[in-house]
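structure.pdb (PDB, C-alpha atoms)
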MODEL        1
ATOM      1  CA  MET A 269     107.520  70.064  41.501
ATOM      2  CA  LEU A 270     108.309  67.569  44.259
ATOM      3  CA  LEU A 271     104.647  66.882  44.975
ATOM      4  CA  ALA A 272     103.925  66.377  41.279
ATOM      5  CA  ALA A 273     106.825  63.922  41.028
ATOM      6  CA  VAL A 274     105.591  62.088  44.123
ATOM      7  CA  TRP A 275     102.067  61.940  42.738
ATOM      8  CA  PHE A 276     102.971  60.603  39.306
ATOM      9  CA  GLY A 277     105.800  58.346  40.459
ATOM     10  CA  PHE A 278     108.004  56.729  37.832
ATOM     11  CA  PRO A 279     109.901  58.182  36.035
ATOM     12  CA  TRP A 280     109.450  61.642  37.551
ATOM     13  CA  ILE A 281     110.362  60.829  41.133
ATOM     14  CA  ASP A 282     113.404  58.946  39.843
ATOM     15  CA  LEU A 283     114.479  62.006  37.849
ATOM     16  CA  VAL A 284     114.127  64.175  40.958
ATOM     17  CA  ALA A 285     116.388  61.774  42.860
ATOM     18  CA  ALA A 286     118.884  61.689  39.995
ATOM     19  CA  VAL A 287     119.113  65.490  39.958
ATOM     20  CA  ALA A 288     119.203  65.810  43.754
ATOM     21  CA  ALA A 289     121.981  63.243  44.296
ATOM     22  CA  PRO A 290     124.899  65.175  42.724
ATOM     23  CA  LEU A 291     123.670  68.463  44.200
ATOM     24  CA  MET A 292     123.569  67.010  47.694
ATOM     25  CA  VAL A 293     126.971  65.359  47.291
ATOM     26  CA  TRP A 294     128.460  68.625  46.009
ATOM     27  CA  GLU A 295     127.046  70.618  48.925
ATOM     28  CA  TRP A 296     128.213  68.065  51.508
ATOM     29  CA  THR A 297     131.652  68.133  49.877
ATOM     30  CA  ARG A 298     131.737  71.902  50.290
ATOM     31  CA  LEU A 299     130.689  71.677  53.938
ATOM     32  CA  THR A 300     133.085  68.909  54.990
ATOM     33  CA  ARG A 301     136.465  69.987  53.667
ATOM     34  CA  GLY A 302     139.202  68.548  55.875
ATOM     35  CA  ARG A 303     136.775  66.258  57.733
ATOM     36  CA  SER A 304     136.880  62.953  55.901
ATOM     37  CA  ILE A 305     134.823  60.939  58.407
ATOM     38  CA  VAL A 306     132.090  63.563  58.456
ATOM     39  CA  ARG A 307     132.177  63.693  54.660
ATOM     40  CA  ILE A 308     131.768  59.942  54.205
ATOM     41  CA  SER A 309     129.000  59.864  56.804
ATOM     42  CA  ALA A 310     127.221  62.739  55.047
ATOM     43  CA  TYR A 311     127.431  61.012  51.674
ATOM     44  CA  VAL A 312     125.963  57.807  53.096
ATOM     45  CA  TYR A 313     123.236  59.757  54.884
ATOM     46  CA  ALA A 314     122.212  61.727  51.790
ATOM     47  CA  LEU A 315     122.206  58.744  49.454
ATOM     48  CA  ALA A 316     120.318  56.664  52.032
ATOM     49  CA  ALA A 317     117.590  59.302  52.025
ATOM     50  CA  LEU A 318     117.297  59.196  48.241
ATOM     51  CA  VAL A 319     117.166  55.401  48.236
ATOM     52  CA  ALA A 320     114.512  55.606  50.967
ATOM     53  CA  LEU A 321     112.490  58.068  48.887
ATOM     54  CA  LEU A 322     112.495  55.791  45.846
ATOM     55  CA  TRP A 323     111.928  52.608  47.823
ATOM     56  CA  LEU A 324     108.982  54.058  49.722
ATOM     57  CA  ARG A 325     107.375  55.675  46.666
ATOM     58  CA  HIS A 326     107.673  52.520  44.561
ATOM     59  CA  GLN A 327     105.982  50.321  47.153
ATOM     60  CA  PRO A 328     103.022  48.649  45.416
ATOM     61  CA  ALA A 329     100.747  49.411  48.365
ATOM     62  CA  LEU A 330     100.374  52.970  49.632
ATOM     63  CA  GLY A 331     103.691  54.215  48.257
ATOM     64  CA  ARG A 332     102.239  57.496  47.035
ATOM     65  CA  GLU A 333     100.304  58.091  50.248
ATOM     66  CA  THR A 334     103.311  57.374  52.420
ATOM     67  CA  VAL A 335     105.625  59.847  50.684
ATOM     68  CA  ILE A 336     102.923  62.543  50.513
ATOM     69  CA  TRP A 337     102.437  62.035  54.257
ATOM     70  CA  ILE A 338     106.185  62.357  54.899
ATOM     71  CA  VAL A 339     106.488  65.548  52.844
ATOM     72  CA  ALA A 340     103.386  67.063  54.439
ATOM     73  CA  CYS A 341     104.594  66.293  57.981
ATOM     74  CA  THR A 342     107.977  67.828  57.166
ATOM     75  CA  TRP A 343     106.419  71.016  55.836
ATOM     76  CA  ALA A 344     104.001  71.198  58.771
ATOM     77  CA  THR A 345     106.927  70.890  61.180
ATOM     78  CA  ASP A 346     108.817  73.744  59.524
ATOM     79  CA  ILE A 347     105.756  76.001  59.302
ATOM     80  CA  GLY A 348     104.586  75.290  62.841
ATOM     81  CA  ALA A 349     108.059  75.744  64.281
ATOM     82  CA  TYR A 350     108.522  79.042  62.467
ATOM     83  CA  PHE A 351     105.216  80.659  63.386
ATOM     84  CA  VAL A 352     104.963  79.404  66.967
ATOM     85  CA  GLY A 353     108.653  80.044  67.661
ATOM     86  CA  ALA A 354     108.471  83.565  66.201
ATOM     87  CA  SER A 355     105.356  84.486  68.177
ATOM     88  CA  ALA A 356     106.065  82.721  71.473
ATOM     89  CA  GLY A 357     109.860  82.966  71.656
ATOM     90  CA  GLY A 358     111.329  81.612  74.853
ATOM     91  CA  ALA A 359     114.258  79.361  75.695
ATOM     92  CA  LYS A 360     116.653  78.442  72.917
ATOM     93  CA  LEU A 361     116.670  74.847  71.739
ATOM     94  CA  ALA A 362     120.335  74.620  70.741
ATOM     95  CA  PRO A 363     121.857  78.118  70.896
ATOM     96  CA  ARG A 364     125.387  77.040  69.950
ATOM     97  CA  ILE A 365     124.177  75.284  66.810
ATOM     98  CA  SER A 366     121.122  77.226  65.653
ATOM     99  CA  PRO A 367     120.449  80.361  67.746
ATOM    100  CA  SER A 368     117.050  81.023  66.160
ATOM    101  CA  LYS A 369     115.445  77.734  67.213
ATOM    102  CA  THR A 370     113.389  77.633  70.407
ATOM    103  CA  TRP A 371     111.668  74.992  72.495
ATOM    104  CA  SER A 372     108.350  76.672  71.751
ATOM    105  CA  GLY A 373     109.093  76.326  68.043
ATOM    106  CA  LEU A 374     109.773  72.615  68.486
ATOM    107  CA  ILE A 375     106.492  72.162  70.337
ATOM    108  CA  GLY A 376     104.673  74.139  67.657
ATOM    109  CA  GLY A 377     106.232  72.008  64.938
ATOM    110  CA  MET A 378     105.230  68.836  66.772
ATOM    111  CA  ALA A 379     101.649  70.061  67.128
ATOM    112  CA  TRP A 380     101.303  71.030  63.480
ATOM    113  CA  ALA A 381     102.858  67.762  62.327
ATOM    114  CA  ALA A 382     100.558  65.780  64.626
ATOM    115  CA  VAL A 383      97.455  67.448  63.191
ATOM    116  CA  THR A 384      98.693  67.071  59.626
ATOM    117  CA  SER A 385      99.565  63.402  60.112
ATOM    118  CA  ALA A 386      96.178  62.587  61.623
ATOM    119  CA  ALA A 387      94.328  64.599  58.963
ATOM    120  CA  LEU A 388      96.063  62.780  56.116
ATOM    121  CA  GLY A 389      95.359  59.424  57.709
ATOM    122  CA  PHE A 390      91.693  60.393  57.914
ATOM    123  CA  ALA A 391      91.689  61.706  54.330
ATOM    124  CA  PHE A 392      93.278  58.515  53.020
ATOM    125  CA  GLY A 393      90.903  56.403  55.105
ATOM    126  CA  LEU A 394      93.839  54.547  56.643
ATOM    127  CA  GLY A 395      95.321  54.028  60.074
ATOM    128  CA  SER A 396      94.347  55.302  63.511
ATOM    129  CA  THR A 397      94.207  59.086  63.660
ATOM    130  CA  PHE A 398      95.461  59.086  67.267
ATOM    131  CA  SER A 399      98.411  56.826  66.450
ATOM    132  CA  LEU A 400      99.226  58.895  63.392
ATOM    133  CA  ALA A 401      99.114  62.089  65.448
ATOM    134  CA  VAL A 402     101.650  60.628  67.884
ATOM    135  CA  ILE A 403     103.836  59.428  65.014
ATOM    136  CA  GLY A 404     103.590  62.834  63.325
ATOM    137  CA  ALA A 405     104.780  64.561  66.493
ATOM    138  CA  GLY A 406     107.678  62.114  66.685
ATOM    139  CA  LEU A 407     108.627  62.781  63.088
ATOM    140  CA  ALA A 408     108.707  66.505  63.856
ATOM    141  CA  VAL A 409     111.414  65.797  66.434
ATOM    142  CA  VAL A 410     113.306  63.707  63.865
ATOM    143  CA  GLY A 411     113.062  66.527  61.342
ATOM    144  CA  GLN A 412     114.365  69.072  63.837
ATOM    145  CA  VAL A 413     117.285  66.789  64.699
ATOM    146  CA  GLY A 414     118.082  66.558  60.982
ATOM    147  CA  ASP A 415     117.940  70.339  60.724
ATOM    148  CA  LEU A 416     120.257  70.756  63.705
ATOM    149  CA  ALA A 417     122.688  68.154  62.374
ATOM    150  CA  GLU A 418     123.085  70.058  59.115
ATOM    151  CA  SER A 419     123.400  73.334  61.041
ATOM    152  CA  ALA A 420     126.182  71.820  63.142
ATOM    153  CA  VAL A 421     128.106  70.791  60.027
ATOM    154  CA  LYS A 422     127.630  74.268  58.531
ATOM    155  CA  ARG A 423     128.836  75.867  61.743
ATOM    156  CA  GLY A 424     131.905  73.632  61.641
ATOM    157  CA  ALA A 425     132.548  74.808  58.097
ATOM    158  CA  GLY A 426     132.024  78.449  59.054
ATOM    159  CA  VAL A 427     129.236  79.056  56.526
ATOM    160  CA  LYS A 428     125.622  80.169  56.830
ATOM    161  CA  ASP A 429     124.170  78.218  53.907
ATOM    162  CA  SER A 430     124.951  74.863  52.316
ATOM    163  CA  GLY A 431     125.085  76.496  48.889
ATOM    164  CA  ASN A 432     123.555  79.175  46.697
ATOM    165  CA  LEU A 433     121.224  77.093  44.552
ATOM    166  CA  ILE A 434     118.188  79.131  45.637
ATOM    167  CA  PRO A 435     119.043  82.864  45.811
ATOM    168  CA  GLY A 436     118.227  84.154  49.275
ATOM    169  CA  HIS A 437     117.345  80.703  50.581
ATOM    170  CA  GLY A 438     120.632  78.795  50.470
ATOM    171  CA  GLY A 439     121.296  75.395  48.999
ATOM    172  CA  LEU A 440     119.324  72.216  48.490
ATOM    173  CA  LEU A 441     120.370  70.788  51.864
ATOM    174  CA  ASP A 442     119.000  73.891  53.579
ATOM    175  CA  ARG A 443     115.580  73.083  52.104
ATOM    176  CA  VAL A 444     115.513  69.326  52.706
ATOM    177  CA  ASP A 445     117.508  68.786  55.919
ATOM    178  CA  GLY A 446     114.463  67.731  57.919
ATOM    179  CA  LEU A 447     112.986  65.712  55.051
ATOM    180  CA  VAL A 448     116.222  63.739  54.651
ATOM    181  CA  ALA A 449     116.182  62.684  58.307
ATOM    182  CA  ILE A 450     112.508  61.724  58.243
ATOM    183  CA  LEU A 451     112.875  59.682  55.048
ATOM    184  CA  VAL A 452     115.730  57.678  56.544
ATOM    185  CA  VAL A 453     113.904  57.018  59.818
ATOM    186  CA  VAL A 454     110.599  56.058  58.173
ATOM    187  CA  ALA A 455     112.371  53.678  55.799
ATOM    188  CA  LEU A 456     114.335  52.067  58.638
ATOM    189  CA  VAL A 457     111.188  51.557  60.701
ATOM    190  CA  ARG A 458     109.321  50.220  57.682
ATOM    191  CA  LEU A 459     112.111  47.707  57.109
ATOM    192  CA  THR A 460     111.952  46.434  60.674
ATOM    193  CA  VAL A 461     108.184  46.058  61.146
ATOM    194  CA  ASP A 462     105.576  43.985  59.355
ATOM    195  CA  GLY A 463     103.070  45.570  57.026
ATOM    196  CA  ALA A 464     102.765  48.973  55.401
ATOM    197  CA  TRP A 465     103.782  51.083  58.401
ATOM    198  CA  PRO A 466     102.454  53.568  59.490
ATOM    199  CA  TRP A 467      99.075  52.647  58.062
ATOM    200  CA  ASN A 468      98.428  49.610  60.222
TER     201      ASN A 468
ENDMDL
END

For the structure just supplied, provide its representation as structure tokens.
Amino acid sequence: MLLAAVWFGFPWIDLVAAVAAPLMVWEWTRLTRGRSIVRISAYVYALAALVALLWLRHQPALGRETVIWIVACTWATDIGAYFVGASAGGAKLAPRISPSKTWSGLIGGMAWAAVTSAALGFAFGLGSTFSLAVIGAGLAVVGQVGDLAESAVKRGAGVKDSGNLIPGHGGLLDRVDGLVAILVVVALVRLTVDGAWPWN
């Protein structure tokens, strides 16, 4: 559904954001009881990601390509981290926050995101594949930081999942924690550089 909304743009991507906003606010409210500063920060963070999503998608040049690239890099990070981490194991990345994450998983996520980023740049006929590979690997780190940040808030709240929206898979935040971080970072970089970053 998300990819279809990204592809077709207005009004579908706007409807996705409109539905996601109250769900994300509700889940952050649940996770931050008694921690007002964390709560306010979480609200700003979540809404900034939704604004970033809409702003990036509605860019007249390469808006669709940029958001597809972001989503694909996020998914590649999660898939690469899962499979490489599960098969290679090794030292824990942040055992007090997320005991299942490993350094090998992070490296695997970076590698998969690098390949995905470069491949999409080649498919779109835009940008330098080497530069995009490096950027993709960097975004994988951003996504993992976003994942760990949400895990830290959940640990502080004493819960395993952000909600029960998806039976067996937790809440919305559990599915989009990495995507939220990447959207915010890409939008911030895009705002501070000239041109349609990362395509030039």

Please give the centre and size of the box around region 417-422 of chain A (axis-aligned, containing every atom listed in the file, 5 Å added per side), with values in Å to one decimal and written as AutoDock Vina command-line options.
--center_x 125.4 --center_y 71.2 --center_z 60.8 --size_x 15.4 --size_y 16.1 --size_z 14.6

Residue neighbourhood region 445-452 of chain A, 9 Å, all atoms listed in the file, exclusion window fewer than 4 positions, as a PyMOL selection string: chain A and resi 313-314+316-321+324+335+338-339+341-343+345-346+407-408+410-418+440-441+456-457

Please provide the set of residues having any atom within 6 Å of Gly404 (chain A), restricted to only C-alpha atoms, with same-chain residues fewer than 3 positions apart removed, written as number ranges by chain. A: 381-382, 385, 400-401, 407

With the PyMOL selection byres ((chain A and resi 387) around 12) as the selection, what would be picked from this file? Answer as a PyMOL selection string, please. chain A and resi 337+340-341+344+380-386+388-401+404

Atoms kept (C-alpha atoms) for selection, written as a compact mmCIF listing (two decimals), keeping the file's coordinate frame:
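Okay, result-v7.txt is ready:
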# COMPACT_ATOMS: atom_id res chain seq x y z
CA TRP A 337 102.44 62.04 54.26
CA ALA A 340 103.39 67.06 54.44
CA CYS A 341 104.59 66.29 57.98
CA ALA A 344 104.00 71.20 58.77
CA TRP A 380 101.30 71.03 63.48
CA ALA A 381 102.86 67.76 62.33
CA ALA A 382 100.56 65.78 64.63
CA VAL A 383 97.46 67.45 63.19
CA THR A 384 98.69 67.07 59.63
CA SER A 385 99.56 63.40 60.11
CA ALA A 386 96.18 62.59 61.62
CA LEU A 388 96.06 62.78 56.12
CA GLY A 389 95.36 59.42 57.71
CA PHE A 390 91.69 60.39 57.91
CA ALA A 391 91.69 61.71 54.33
CA PHE A 392 93.28 58.52 53.02
CA GLY A 393 90.90 56.40 55.10
CA LEU A 394 93.84 54.55 56.64
CA GLY A 395 95.32 54.03 60.07
CA SER A 396 94.35 55.30 63.51
CA THR A 397 94.21 59.09 63.66
CA PHE A 398 95.46 59.09 67.27
CA SER A 399 98.41 56.83 66.45
CA LEU A 400 99.23 58.90 63.39
CA ALA A 401 99.11 62.09 65.45
CA GLY A 404 103.59 62.83 63.32

Carefully work through the PyMOL selection byres ((chain A and resi 375) around 12) for this structure and note down the residues it includes, as JSON, numbers by chain. {"A": [344, 345, 346, 347, 348, 349, 350, 351, 352, 353, 356, 357, 358, 359, 361, 369, 370, 371, 372, 373, 374, 376, 377, 378, 379, 380, 381, 382, 405, 406, 408, 409, 412]}

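Closest approach to Ala288 (chain A) among A:Val461, A:Leu433, A:Ile336, A:Ala329 is made by A:Leu433 (distances from all atoms listed in the file).
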
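Distances here use all atoms listed in the file; by that measure, the residue among A:Val284, A:Ser368, A:Thr460, A:Pro466 closest to Ser419 (chain A) is A:Ser368.
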
Could you tell me which of A:Ala464, A:Ala272, A:Leu315, A:Gly302 comes closest to Ala286 (chain A) if we count only C-alpha atoms? A:Leu315

Using all atoms listed in the file, can you tell me which of A:Asp462, A:Val453, A:Val444, A:Trp323 comes closest to Leu270 (chain A)?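 Using all atoms listed in the file, Leu270 (chain A) sits closest to A:Val444.
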
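Once the PyMOL selection byres ((chain A and resi 365) around 7) is applied to this file, the selection holds A:Ala362, A:Pro363, A:Arg364, A:Ser366, A:Pro367, A:Leu416, A:Ser419, A:Ala420, A:Arg423.
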
Interatomic distance between CA of Met269 (chain A) and CA of His326 (chain A)?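 Between CA of Met269 (chain A) and CA of His326 (chain A) the gap is 17.8 Å.
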
Pick out the closest residue to Trp465 (chain A) from this set: A:Ile403, A:Leu283, A:Val421, A:Val306. Count all atoms listed in the file.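 Distance minimum relative to Trp465 (chain A) lands on A:Ile403.
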
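Picture a line from CA of Val274 (chain A) to CA of Thr297 (chain A); it runs 27.4 Å.
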
Complete region 310-321 of chain A at the level of all heavy atoms, written as a short mmCIF file (atom, residue, chain, number, x, y, z; two decimals), keeping the file's coordinate frame.
data_model
loop_
_atom_site.label_atom_id
_atom_site.label_comp_id
_atom_site.auth_asym_id
_atom_site.auth_seq_id
_atom_site.Cartn_x
_atom_site.Cartn_y
_atom_site.Cartn_z
N ALA A 310 128.20 61.89 55.71
CA ALA A 310 127.22 62.74 55.05
C ALA A 310 126.81 62.16 53.70
O ALA A 310 125.62 62.21 53.34
CB ALA A 310 127.78 64.14 54.87
N TYR A 311 127.76 61.64 52.95
CA TYR A 311 127.43 61.01 51.67
C TYR A 311 126.47 59.84 51.88
O TYR A 311 125.46 59.70 51.17
CB TYR A 311 128.70 60.49 50.99
CG TYR A 311 129.63 61.53 50.42
CD1 TYR A 311 130.91 61.18 50.02
CD2 TYR A 311 129.24 62.86 50.27
CE1 TYR A 311 131.79 62.12 49.48
CE2 TYR A 311 130.11 63.80 49.74
CZ TYR A 311 131.38 63.43 49.35
OH TYR A 311 132.24 64.36 48.83
N VAL A 312 126.81 58.98 52.83
CA VAL A 312 125.96 57.81 53.10
C VAL A 312 124.57 58.24 53.52
O VAL A 312 123.55 57.69 53.06
CB VAL A 312 126.61 56.92 54.18
CG1 VAL A 312 125.65 55.80 54.61
CG2 VAL A 312 127.91 56.31 53.66
N TYR A 313 124.51 59.23 54.37
CA TYR A 313 123.24 59.76 54.88
C TYR A 313 122.37 60.31 53.75
O TYR A 313 121.18 59.99 53.64
CB TYR A 313 123.57 60.83 55.91
CG TYR A 313 122.41 61.60 56.50
CD1 TYR A 313 121.36 60.95 57.15
CD2 TYR A 313 122.41 63.00 56.46
CE1 TYR A 313 120.33 61.67 57.73
CE2 TYR A 313 121.39 63.72 57.04
CZ TYR A 313 120.35 63.05 57.66
OH TYR A 313 119.33 63.77 58.23
N ALA A 314 122.96 61.13 52.89
CA ALA A 314 122.21 61.73 51.79
C ALA A 314 121.73 60.68 50.80
O ALA A 314 120.56 60.69 50.38
CB ALA A 314 123.08 62.76 51.07
N LEU A 315 122.59 59.76 50.43
CA LEU A 315 122.21 58.74 49.45
C LEU A 315 121.20 57.77 50.06
O LEU A 315 120.31 57.28 49.36
CB LEU A 315 123.44 58.02 48.94
CG LEU A 315 124.41 58.90 48.15
CD1 LEU A 315 125.64 58.11 47.74
CD2 LEU A 315 123.73 59.52 46.93
N ALA A 316 121.30 57.51 51.37
CA ALA A 316 120.32 56.66 52.03
C ALA A 316 118.93 57.30 51.97
O ALA A 316 117.92 56.60 51.78
CB ALA A 316 120.72 56.43 53.49
N ALA A 317 118.87 58.61 52.10
CA ALA A 317 117.59 59.30 52.02
C ALA A 317 116.98 59.20 50.63
O ALA A 317 115.77 59.00 50.49
CB ALA A 317 117.76 60.77 52.41
N LEU A 318 117.81 59.30 49.60
CA LEU A 318 117.30 59.20 48.24
C LEU A 318 116.83 57.77 47.93
O LEU A 318 115.80 57.57 47.28
CB LEU A 318 118.36 59.65 47.24
CG LEU A 318 118.72 61.14 47.31
CD1 LEU A 318 119.86 61.45 46.37
CD2 LEU A 318 117.50 62.00 46.98
N VAL A 319 117.59 56.80 48.40
CA VAL A 319 117.17 55.40 48.24
C VAL A 319 115.85 55.17 48.98
O VAL A 319 114.94 54.50 48.48
CB VAL A 319 118.25 54.43 48.74
CG1 VAL A 319 117.73 53.00 48.80
CG2 VAL A 319 119.48 54.51 47.84
N ALA A 320 115.74 55.74 50.19
CA ALA A 320 114.51 55.61 50.97
C ALA A 320 113.33 56.23 50.23
O ALA A 320 112.23 55.65 50.19
CB ALA A 320 114.69 56.28 52.33
N LEU A 321 113.55 57.40 49.64
CA LEU A 321 112.49 58.07 48.89
C LEU A 321 111.98 57.18 47.76
O LEU A 321 110.76 56.99 47.61
CB LEU A 321 113.02 59.39 48.32
CG LEU A 321 112.12 60.11 47.32
CD1 LEU A 321 110.84 60.58 47.99
CD2 LEU A 321 112.86 61.28 46.67
#
